[in-house]
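The structure appears below as structure tokens.
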Amino acid sequence: MSGGQSGRTRLLTAAERAAPVDAVAVVAEDLRRRFSAARVSFLIVDLTGKAVARLTAAVGPSPRSPA
């Protein structure tokens, strides 16, 4: 379990070192790579549930199409 803690520490340090406007993108990119995701987005919902905002998205490389 210490490996997970170490990874989390590195991630939080990277987010803290990034410019405030880039911090969420740093976390999104880490999650995208960690889970081999094509795209990662953070969706924020207000307390009433009537508004949703996409905070950021990390997009991976496009898969190559067969030649």
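We label chains A, B, ... in the order they appear in the structure tokens, count residues from 1 in each chain, and number ligands from 1 in the order shown.
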
Near-range 29-35 of chain A list (9 Å; only C-alpha atoms; drop same-chain fewer than 6 positions) as a list of chain:residue names: A:Leu11, A:Ala57, A:Ala58, A:Val59, A:Gly60

Would you put the residues from that selection into a file with all heavy atoms, as a short mmCIF file (atom, residue, chain, number, x, y, z; two decimals), in the first residue's frame?
data_model
loop_
_atom_site.label_atom_id
_atom_site.label_comp_id
_atom_site.auth_asym_id
_atom_site.auth_seq_id
_atom_site.Cartn_x
_atom_site.Cartn_y
_atom_site.Cartn_z
N LEU A 11 1.40 12.96 -6.93
CA LEU A 11 0.32 13.62 -7.65
C LEU A 11 -0.07 14.93 -6.97
O LEU A 11 -0.20 15.96 -7.63
CB LEU A 11 -0.89 12.70 -7.75
CG LEU A 11 -2.15 13.31 -8.35
CD1 LEU A 11 -1.89 13.81 -9.76
CD2 LEU A 11 -3.28 12.30 -8.32
N ALA A 57 -10.73 18.47 -19.13
CA ALA A 57 -10.69 17.16 -19.77
C ALA A 57 -9.26 16.87 -20.19
O ALA A 57 -8.56 17.75 -20.67
CB ALA A 57 -11.61 17.14 -20.99
N ALA A 58 -8.82 15.66 -19.97
CA ALA A 58 -7.52 15.18 -20.46
C ALA A 58 -7.81 14.18 -21.55
O ALA A 58 -8.55 13.23 -21.33
CB ALA A 58 -6.72 14.55 -19.33
N VAL A 59 -7.27 14.41 -22.71
CA VAL A 59 -7.53 13.55 -23.86
C VAL A 59 -6.26 12.85 -24.25
O VAL A 59 -5.21 13.46 -24.39
CB VAL A 59 -8.06 14.39 -25.05
CG1 VAL A 59 -8.34 13.50 -26.23
CG2 VAL A 59 -9.31 15.15 -24.64
N GLY A 60 -6.37 11.54 -24.41
CA GLY A 60 -5.21 10.74 -24.80
C GLY A 60 -5.00 10.75 -26.30
O GLY A 60 -5.79 11.31 -27.06
#

Backbone DSSP call of strand (DSSP E) for chain A, listed as a PyMOL selection string: chain A and resi 39-45+52-59

How would the residues just picked look written out with N, CA, C and O atoms as a short mmCIF file (atom, residue, chain, number, x, y, z; two decimals), in the first residue's frame?
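Dumped to result24.cif:
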data_model
loop_
_atom_site.label_atom_id
_atom_site.label_comp_id
_atom_site.auth_asym_id
_atom_site.auth_seq_id
_atom_site.Cartn_x
_atom_site.Cartn_y
_atom_site.Cartn_z
N ARG A 39 -10.27 9.55 -22.23
CA ARG A 39 -10.62 10.91 -21.82
C ARG A 39 -11.01 10.92 -20.34
O ARG A 39 -11.65 10.00 -19.88
N VAL A 40 -10.63 11.96 -19.64
CA VAL A 40 -11.01 12.15 -18.24
C VAL A 40 -11.59 13.54 -18.10
O VAL A 40 -11.01 14.52 -18.58
N SER A 41 -12.76 13.63 -17.46
CA SER A 41 -13.40 14.92 -17.21
C SER A 41 -13.86 14.97 -15.77
O SER A 41 -14.23 13.94 -15.19
N PHE A 42 -13.86 16.16 -15.20
CA PHE A 42 -14.44 16.38 -13.89
C PHE A 42 -15.72 17.17 -14.10
O PHE A 42 -15.69 18.25 -14.69
N LEU A 43 -16.82 16.61 -13.66
CA LEU A 43 -18.10 17.30 -13.78
C LEU A 43 -18.51 17.80 -12.40
O LEU A 43 -18.54 17.04 -11.45
N ILE A 44 -18.83 19.08 -12.32
CA ILE A 44 -19.23 19.71 -11.07
C ILE A 44 -20.72 20.01 -11.16
O ILE A 44 -21.18 20.65 -12.11
N VAL A 45 -21.46 19.58 -10.14
CA VAL A 45 -22.90 19.80 -10.10
C VAL A 45 -23.21 20.73 -8.93
O VAL A 45 -22.67 20.55 -7.84
N VAL A 52 -24.58 21.80 -14.41
CA VAL A 52 -23.40 20.95 -14.48
C VAL A 52 -22.34 21.71 -15.28
O VAL A 52 -22.63 22.30 -16.30
N ALA A 53 -21.12 21.67 -14.78
CA ALA A 53 -20.02 22.32 -15.48
C ALA A 53 -18.88 21.34 -15.63
O ALA A 53 -18.56 20.60 -14.70
N ARG A 54 -18.27 21.29 -16.81
CA ARG A 54 -17.09 20.45 -17.02
C ARG A 54 -15.88 21.30 -16.65
O ARG A 54 -15.65 22.35 -17.22
N LEU A 55 -15.12 20.81 -15.67
CA LEU A 55 -13.99 21.57 -15.18
C LEU A 55 -12.80 21.46 -16.11
O LEU A 55 -12.14 22.44 -16.40
N THR A 56 -12.50 20.26 -16.56
CA THR A 56 -11.38 20.04 -17.47
C THR A 56 -11.51 18.68 -18.12
O THR A 56 -12.31 17.86 -17.69
N ALA A 57 -10.73 18.47 -19.13
CA ALA A 57 -10.69 17.16 -19.77
C ALA A 57 -9.26 16.87 -20.19
O ALA A 57 -8.56 17.75 -20.67
N ALA A 58 -8.82 15.66 -19.97
CA ALA A 58 -7.52 15.18 -20.46
C ALA A 58 -7.81 14.18 -21.55
O ALA A 58 -8.55 13.23 -21.33
N VAL A 59 -7.27 14.41 -22.71
CA VAL A 59 -7.53 13.55 -23.86
C VAL A 59 -6.26 12.85 -24.25
O VAL A 59 -5.21 13.46 -24.39
#

All helix (DSSP H, G or I) residues (DSSP, backbone) inside chain A, as a count of residues only: 31

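Here CA of Ala15 in chain A stands at a distance of 29.0 Å from CA of Thr48 in chain A.
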